[in-house]
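Pasting coords.cif here (mmCIF, C-alpha atoms and all ligand atoms):
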```cif
data_work
#
loop_
_atom_site.label_atom_id
_atom_site.label_comp_id
_atom_site.auth_asym_id
_atom_site.auth_seq_id
_atom_site.Cartn_x
_atom_site.Cartn_y
_atom_site.Cartn_z
CA MET W 1 269.19 48.13 -64.68
CA MET W 2 265.94 48.68 -66.60
CA SER W 3 263.95 46.93 -63.88
CA SER W 4 265.58 49.00 -61.11
CA MET W 5 264.77 52.10 -63.13
CA PHE W 6 261.07 51.31 -63.54
CA LYS W 7 260.83 50.09 -59.94
CA SER W 8 262.25 53.39 -58.68
CA PHE W 9 259.80 55.36 -60.88
CA LEU W 10 256.98 53.87 -58.82
CA SER W 11 258.75 53.89 -55.45
CA ARG W 12 257.60 56.19 -52.67
CA ASP W 13 260.73 55.55 -50.64
CA PHE W 14 262.42 58.95 -50.87
CA ASP W 15 262.89 61.76 -48.36
CA TYR W 16 262.59 64.90 -50.49
CA SER W 17 259.79 66.83 -52.14
CA PRO W 18 257.44 64.80 -54.40
CA LEU W 19 257.55 67.66 -56.90
CA HIS W 20 261.32 67.37 -57.21
CA ARG W 21 260.96 63.59 -57.55
CA LEU W 22 258.51 64.07 -60.41
CA LEU W 23 260.87 66.54 -62.07
CA GLU W 24 263.68 63.97 -61.80
CA ILE W 25 261.57 61.25 -63.46
CA VAL W 26 260.46 63.57 -66.27
CA ALA W 27 264.10 64.66 -66.79
CA ILE W 28 265.33 61.02 -66.94
CA LEU W 29 262.67 60.14 -69.53
CA SER W 30 263.37 63.29 -71.54
CA PHE W 31 267.09 62.41 -71.56
CA PHE W 32 266.32 59.18 -73.44
CA GLY W 33 264.13 61.03 -75.95
CA LEU W 34 266.62 63.84 -76.49
CA VAL W 35 269.64 61.56 -76.87
CA VAL W 36 267.81 59.62 -79.61
CA ILE W 37 267.02 62.88 -81.45
CA ILE W 38 270.64 64.12 -81.16
CA SER W 39 272.12 60.72 -82.18
CA MET W 40 269.83 60.39 -85.20
CA ARG W 41 270.72 63.87 -86.36
CA ALA W 42 274.46 63.15 -85.97
CA PHE W 43 273.98 59.87 -87.84
CA HIS W 44 272.23 61.67 -90.69
CA GLY W 45 275.07 64.22 -90.95
CA LEU W 46 277.69 61.46 -90.98
CA SER W 47 275.86 59.52 -93.69
CA VAL W 48 275.77 62.65 -95.88
CA LEU W 49 279.49 63.25 -95.33
CA GLY W 50 280.36 59.70 -96.26
CA TRP W 51 281.70 56.79 -94.26
CA GLN W 52 285.35 57.49 -94.99
CA THR W 53 285.07 60.74 -93.02
CA ALA W 54 282.88 59.07 -90.40
CA ALA W 55 285.61 56.46 -89.80
CA TRP W 56 287.82 59.08 -88.11
CA LEU W 57 285.19 61.59 -87.04
CA VAL W 58 283.17 59.15 -84.92
CA PRO W 59 286.04 57.95 -82.69
CA LEU W 60 287.39 61.49 -82.37
CA THR W 61 284.09 63.11 -81.35
CA ALA W 62 283.18 60.13 -79.15
CA ALA W 63 286.45 60.49 -77.22
CA LEU W 64 286.15 64.28 -77.01
CA GLY W 65 282.59 64.08 -75.71
CA TYR W 66 283.41 61.43 -73.11
CA VAL W 67 286.50 63.29 -71.86
CA GLY W 68 284.35 66.45 -71.80
CA ALA W 69 281.87 64.66 -69.55
CA ASP W 70 284.72 63.59 -67.25
CA PHE W 71 285.90 67.21 -67.07
CA ALA W 72 282.36 68.51 -66.41
CA SER W 73 281.90 65.95 -63.62
CA GLY W 74 285.16 67.09 -62.02
CA PHE W 75 284.39 70.79 -62.37
CA VAL W 76 280.89 70.54 -60.86
CA HIS W 77 282.13 68.23 -58.08
CA TRP W 78 284.98 70.66 -57.30
CA MET W 79 282.49 73.56 -57.11
CA GLY W 80 280.25 71.61 -54.72
CA ASP W 81 283.17 70.56 -52.53
CA THR W 82 284.88 73.95 -52.50
CA PHE W 83 282.43 76.85 -52.45
CA GLY W 84 279.51 77.76 -50.23
CA SER W 85 278.04 75.69 -47.43
CA GLU W 86 274.91 73.72 -46.68
CA ASP W 87 273.31 77.02 -45.60
CA THR W 88 273.95 78.78 -48.94
CA PRO W 89 270.58 80.00 -50.29
CA ILE W 90 268.99 77.86 -53.04
CA LEU W 91 272.04 75.72 -53.89
CA GLY W 92 273.12 74.80 -50.34
CA GLU W 93 270.55 72.12 -49.63
CA ARG W 94 270.34 70.49 -53.07
CA PHE W 95 273.85 71.04 -54.46
CA VAL W 96 276.44 71.56 -51.70
CA LYS W 97 275.01 69.26 -49.02
CA PRO W 98 275.02 66.01 -51.07
CA PHE W 99 278.70 66.52 -51.98
CA ARG W 100 279.74 67.23 -48.38
CA ASP W 101 277.58 64.42 -46.94
CA HIS W 102 279.21 62.02 -49.38
CA HIS W 103 282.60 62.57 -47.71
CA THR W 104 281.28 61.71 -44.27
CA HIS W 105 279.02 58.84 -45.49
CA PRO W 106 280.63 57.54 -48.69
CA GLN W 107 278.59 54.33 -48.73
CA GLY W 108 275.30 56.26 -48.52
CA ILE W 109 275.20 56.51 -52.34
CA CYS W 110 274.82 52.71 -52.53
CA GLU W 111 271.45 53.03 -50.76
CA HIS W 112 270.09 55.55 -53.28
CA ASP W 113 267.69 54.26 -55.91
CA TYR W 114 267.88 54.87 -59.66
CA VAL W 115 265.91 58.13 -59.68
CA THR W 116 267.83 59.65 -56.78
CA VAL W 117 271.18 58.68 -58.32
CA ASN W 118 270.44 59.93 -61.84
CA GLY W 119 267.68 62.52 -61.47
CA ASN W 120 269.64 65.68 -60.70
CA ASN W 121 272.16 65.10 -63.51
CA SER W 122 269.23 64.61 -65.91
CA ILE W 123 267.66 67.93 -64.85
CA VAL W 124 270.93 69.78 -65.53
CA LEU W 125 271.40 67.88 -68.80
CA ALA W 126 267.97 68.97 -70.06
CA LEU W 127 269.23 72.57 -69.91
CA TYR W 128 271.98 71.60 -72.34
CA MET W 129 270.12 69.10 -74.54
CA ILE W 130 266.92 71.06 -75.23
CA PRO W 131 268.76 74.01 -76.88
CA ILE W 132 270.94 71.53 -78.84
CA ALA W 133 267.83 69.71 -80.10
CA LEU W 134 266.09 72.99 -80.94
CA PHE W 135 268.89 74.88 -82.64
CA PHE W 136 271.29 72.29 -84.11
CA THR W 137 268.95 71.10 -86.80
CA ASP W 138 271.25 71.05 -89.83
CA PRO W 139 273.87 68.30 -89.43
CA THR W 140 275.08 68.82 -93.00
CA GLN W 141 276.94 71.87 -91.66
CA ILE W 142 280.21 70.54 -90.32
CA TRP W 143 280.29 72.66 -87.14
CA GLN W 144 276.75 71.60 -86.22
CA LEU W 145 277.65 67.98 -86.92
CA LEU W 146 280.72 68.25 -84.66
CA VAL W 147 278.63 69.63 -81.79
CA LEU W 148 275.93 66.98 -82.30
CA ALA W 149 278.42 64.11 -82.52
CA CYS W 150 280.39 65.25 -79.41
CA SER W 151 277.10 65.75 -77.56
CA VAL W 152 276.16 62.07 -77.88
CA THR W 153 278.97 60.74 -75.66
CA PHE W 154 279.10 63.96 -73.62
CA THR W 155 275.46 63.68 -72.57
CA CYS W 156 275.59 59.90 -72.12
CA GLY W 157 278.72 60.33 -69.98
CA VAL W 158 277.15 63.04 -67.81
CA PHE W 159 273.92 61.03 -67.52
CA MET W 160 275.84 57.94 -66.33
CA THR W 161 278.31 59.79 -64.08
CA ASN W 162 276.59 59.30 -60.75
CA GLN W 163 275.74 55.71 -61.65
CA PHE W 164 279.44 55.04 -62.41
CA HIS W 165 280.24 56.79 -59.13
CA LYS W 166 277.80 54.54 -57.25
CA TRP W 167 279.28 51.41 -58.86
CA ALA W 168 282.78 52.56 -57.83
CA HIS W 169 281.57 52.51 -54.21
CA MET W 170 279.80 49.13 -54.38
CA SER W 171 281.71 46.21 -52.93
CA ASP W 172 279.91 43.80 -55.25
CA PRO W 173 278.87 45.50 -58.51
CA PRO W 174 277.50 43.43 -61.44
CA ALA W 175 280.13 41.38 -63.34
CA TYR W 176 279.85 43.48 -66.51
CA ILE W 177 280.54 46.62 -64.46
CA ARG W 178 283.67 45.03 -62.98
CA LEU W 179 284.78 44.32 -66.54
CA LEU W 180 284.24 47.94 -67.61
CA GLN W 181 286.14 49.04 -64.50
CA ARG W 182 288.97 46.61 -65.24
CA PHE W 183 289.34 48.10 -68.73
CA ASN W 184 289.28 51.59 -67.17
CA LEU W 185 286.27 52.59 -69.30
CA ILE W 186 284.36 53.88 -66.28
CA LEU W 187 285.41 55.24 -62.86
CA THR W 188 287.33 52.61 -60.90
CA PRO W 189 287.32 52.26 -57.10
CA THR W 190 291.10 52.73 -57.03
CA ASN W 191 290.93 56.00 -58.98
CA HIS W 192 288.09 57.30 -56.81
CA ASP W 193 289.79 56.30 -53.54
CA PHE W 194 292.24 59.17 -54.03
CA HIS W 195 289.34 61.60 -53.70
CA HIS W 196 287.98 59.93 -50.58
CA THR W 197 291.18 60.53 -48.68
CA ALA W 198 291.09 63.70 -46.50
CA PRO W 199 291.36 66.58 -47.30
CA TYR W 200 289.22 65.57 -50.33
CA ASP W 201 290.89 68.10 -52.60
CA THR W 202 291.94 66.06 -55.63
CA TYR W 203 290.64 63.48 -58.17
CA TYR W 204 287.27 65.22 -58.55
CA CYS W 205 286.42 63.66 -61.95
CA ILE W 206 283.95 60.82 -61.53
CA THR W 207 282.80 59.75 -65.00
CA CYS W 208 285.85 57.72 -66.05
CA GLY W 209 288.48 59.55 -63.99
CA TRP W 210 290.91 59.68 -66.94
CA LEU W 211 291.59 63.38 -66.37
CA ASN W 212 292.32 63.03 -62.64
CA PRO W 213 296.08 62.31 -62.81
CA ILE W 214 296.54 64.99 -65.48
CA LEU W 215 294.61 67.72 -63.62
CA GLU W 216 296.39 66.73 -60.40
CA ARG W 217 299.80 67.08 -62.06
CA LEU W 218 298.80 70.46 -63.53
CA LYS W 219 297.50 71.56 -60.08
CA PHE W 220 294.43 72.66 -62.08
CA PHE W 221 291.83 72.95 -59.31
CA GLU W 222 294.40 74.21 -56.78
CA THR W 223 295.25 77.06 -59.19
CA LEU W 224 291.57 77.89 -59.86
CA GLU W 225 290.99 77.96 -56.11
CA SER W 226 293.84 80.34 -55.40
CA VAL W 227 292.75 82.60 -58.28
CA ALA W 228 289.18 82.63 -56.93
CA ARG W 229 290.49 83.52 -53.47
CA SER W 230 293.23 86.02 -54.30
CA THR W 231 291.73 87.74 -57.36
CA PHE W 232 288.03 87.65 -56.63
CA GLY W 233 288.09 87.33 -52.83
CA ILE W 234 285.79 84.27 -52.96
CA LYS W 235 285.91 82.21 -49.79
CA THR W 236 286.43 78.47 -50.11
CA VAL W 237 285.73 75.57 -47.76
CA ASN W 238 289.20 76.06 -46.28
CA ASP W 239 288.17 79.51 -45.01
CA GLN W 240 285.30 78.07 -42.96
CA PRO W 241 285.99 77.58 -39.24
CA ASP W 242 284.87 73.92 -39.29
CA ALA W 243 286.51 73.12 -42.63
CA ILE W 244 286.56 69.40 -43.28
CA ARG W 245 289.76 69.83 -45.25
CA LYS W 246 291.51 71.19 -42.14
CA GLN W 247 291.00 67.83 -40.44
CA ALA W 248 293.74 66.37 -42.64
ZN ZN W 301 283.96 65.23 -53.07
ZN ZN W 302 282.53 58.91 -53.92
#
```
Give the structure from this file in structure tokens form.
Amino acid sequence: MMSSMFKSFLSRDFDYSPLHRLLEIVAILSFFGLVVIISMRAFHGLSVLGWQTAAWLVPLTAALGYVGADFASGFVHWMGDTFGSEDTPILGERFVKPFRDHHTHPQGICEHDYVTVNGNNSIVLALYMIPIALFFTDPTQIWQLLVLACSVTFTCGVFMTNQFHKWAHMSDPPAYIRLLQRFNLILTPTNHDFHHTAPYDTYYCITCGWLNPILERLKFFETLESVARSTFGIKTVNDQPDAIRKQA
């Protein structure tokens, strides 16, 4: 994966603005720097607290952060699939279009290189990680330590989300990825297939997909959508004349 990353840093094979490409590369590199800073700070806080506390705090915060990443992936994906259109100012082209295109060309993601797959998530992550690195500087305070420790797996999960998503679409992913999929540690093709069935209105979470059956049972996104429509009068994709979801 390292070689595909460095190769894509130098590649000119992309069809969007070079400035955005540069921003993506800078954001990917800054992710690695920021996650080291946040992890070291969390490690320092845990060592001060003592390893008996760390023994339960590490697994707890690791799980919370990773599940949080799964939820964030689902929430953002749901927003992209549900609101606005490709013509929406600012967000239409870069945010809505990739989600909608992915339904019509699901295998397209397999053609995207490392920077294209992971760049946009890294840009969004920087907006979360820079304030954490700047303001959560005292890990001996328990609440700061909790935020720092959860942020490690949260940010790693968000950073890897689109890569996990790509691997779930690949017919022949690397053997170690198949193993992670078999143990359900990352998004599996079977879990993600539920989303790729028209009308594309369920199983939005794409980090590990653990929350998908739960949110589906709770009708979580369905409820949010009806609240958005009935209470706030916000139109969804179902209100558009050419709604993809109406093809079901
Ligand atoms: Zn979708
Ligand atoms: Zn997909």
Let me have all residues with an atom within 7 Å of ligand ZN 301 (chain W), counting all atoms listed in the file, laid out as an mmCIF file with C-alpha atoms, in the frame of the given file.
```cif
data_model
loop_
_atom_site.group_PDB
_atom_site.id
_atom_site.type_symbol
_atom_site.label_atom_id
_atom_site.label_comp_id
_atom_site.auth_asym_id
_atom_site.auth_seq_id
_atom_site.Cartn_x
_atom_site.Cartn_y
_atom_site.Cartn_z
ATOM 1 C CA HIS W 77 282.130 68.230 -58.080
ATOM 2 C CA TRP W 78 284.980 70.660 -57.300
ATOM 3 C CA ASP W 81 283.170 70.560 -52.530
ATOM 4 C CA PHE W 99 278.700 66.520 -51.980
ATOM 5 C CA ARG W 100 279.740 67.230 -48.380
ATOM 6 C CA HIS W 102 279.210 62.020 -49.380
ATOM 7 C CA HIS W 103 282.600 62.570 -47.710
ATOM 8 C CA HIS W 195 289.340 61.600 -53.700
ATOM 9 C CA TYR W 200 289.220 65.570 -50.330
ATOM 10 C CA TYR W 204 287.270 65.220 -58.550
#
```
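Shortest separation to ligand ZN 302 (chain W) among W:Thr116, W:Asn191, W:Asn184, W:Asn121 occurs at residue W:Asn191, atoms counted being all atoms listed in the file.
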So that I can check the surroundings of region 63-65 of chain W, please list as a ChimeraX atom specification every protein, DNA and RNA residue that reaches within 6 Å of it, counting all atoms listed in the file and ignoring chain neighbours fewer than 5 positions away.
/W:150,153-154
With all atoms listed in the file as the atoms that count, which of W:Ile214, W:Cys156, W:Leu185, W:Met170 lies nearest to ligand ZN 302 (chain W)?
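Closest candidate: W:Met170.
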Kindly provide the residues of chain W that approach ligand ZN 302 (chain W) to within 7 Å, each paired with its closest atom pair and their distance in Å to one decimal, based on only C-alpha atoms and all ligand atoms, listed by chain and increasing number, as a Markdown table.
```
| residue | atom | partner | partner_atom | distance |
| --- | --- | --- | --- | --- |
| W:His102 | CA | W:ZN302 | ZN | 6.4 |
| W:Pro106 | CA | W:ZN302 | ZN | 5.7 |
| W:His165 | CA | W:ZN302 | ZN | 6.1 |
| W:His169 | CA | W:ZN302 | ZN | 6.5 |
| W:His192 | CA | W:ZN302 | ZN | 6.5 |
| W:His196 | CA | W:ZN302 | ZN | 6.5 |
```
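Counting all atoms listed in the file, the residue from W:Asp239, W:Gly45, W:Pro18, W:Thr207 that sits nearest to Ile142 (chain W) is W:Gly45.
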Looking at only C-alpha atoms, which of W:Leu215, W:Leu146, W:Ile206, W:Val117 is the one that sits closest to Pro59 (chain W)?
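Of the candidates, the smallest distance to Pro59 (chain W) is held by W:Leu146.
Counting all atoms listed in the file, the residue from W:Thr140, W:Ala69, W:Leu29, W:Phe194 that sits nearest to Gly50 (chain W) is W:Thr140.
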Suppose you want the space between CA of Thr82 (chain W) and CA of Ile25 (chain W); what is it in Å?
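Between CA of Thr82 (chain W) and CA of Ile25 (chain W) the gap works out to 28.7 Å.
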Please measure the separation of CA of Ser39 (chain W) and CA of Gly74 (chain W), giving the value in Å to one decimal.
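So the answer is 24.8 Å.
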From the set W:Leu224, W:Val35, W:Gly157, W:Gly209, which residue has the shortest atom-to-atom contact distance to Gln181 (chain W), counting all atoms listed in the file?
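Answer, going by the shortest atom-to-atom distance: W:Gly209.
For the pair CA of Val76 (chain W) and CA of Thr197 (chain W), the interatomic distance is 18.8 Å.
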Shell around Asp101 (chain W) at 12 Å using all atoms listed in the file, local window under 3 positions removed, as an MDAnalysis selection string:
chainID W and resid 80:81 85:86 92:98 104:109 196 244
Fewer than 5 positions away in the same chain doesn't count, so skip those; otherwise give me all residues within 12 Å of Val48 (chain W), counting all atoms listed in the file, as number ranges by chain.
W: 41-43, 53-54, 138-142, 145
Which centre and which edge lengths, in Å to one decimal, describe the axis-aligned box that holds all listed atoms of region 204-221 of chain W after 3 Å is added on each side, as JSON?
```
{"center_x": 291.3, "center_y": 65.3, "center_z": -62.7, "size_x": 23.0, "size_y": 21.2, "size_z": 14.4}
```
Nearby residues (only C-alpha atoms) at most 9 Å from Ala126 (chain W), same-chain spacing under 6 positions excluded, as JSON, numbers by chain
{"W": [27, 28, 30, 31, 34]}
Give me, as a PyMOL selection string, all polymer residues having an atom no more than 12 Å from Ile234 (chain W), counting all atoms listed in the file and skipping those fewer than 2 positions away in the same chain.
chain W and resi 79+82-84+224-232+236-240
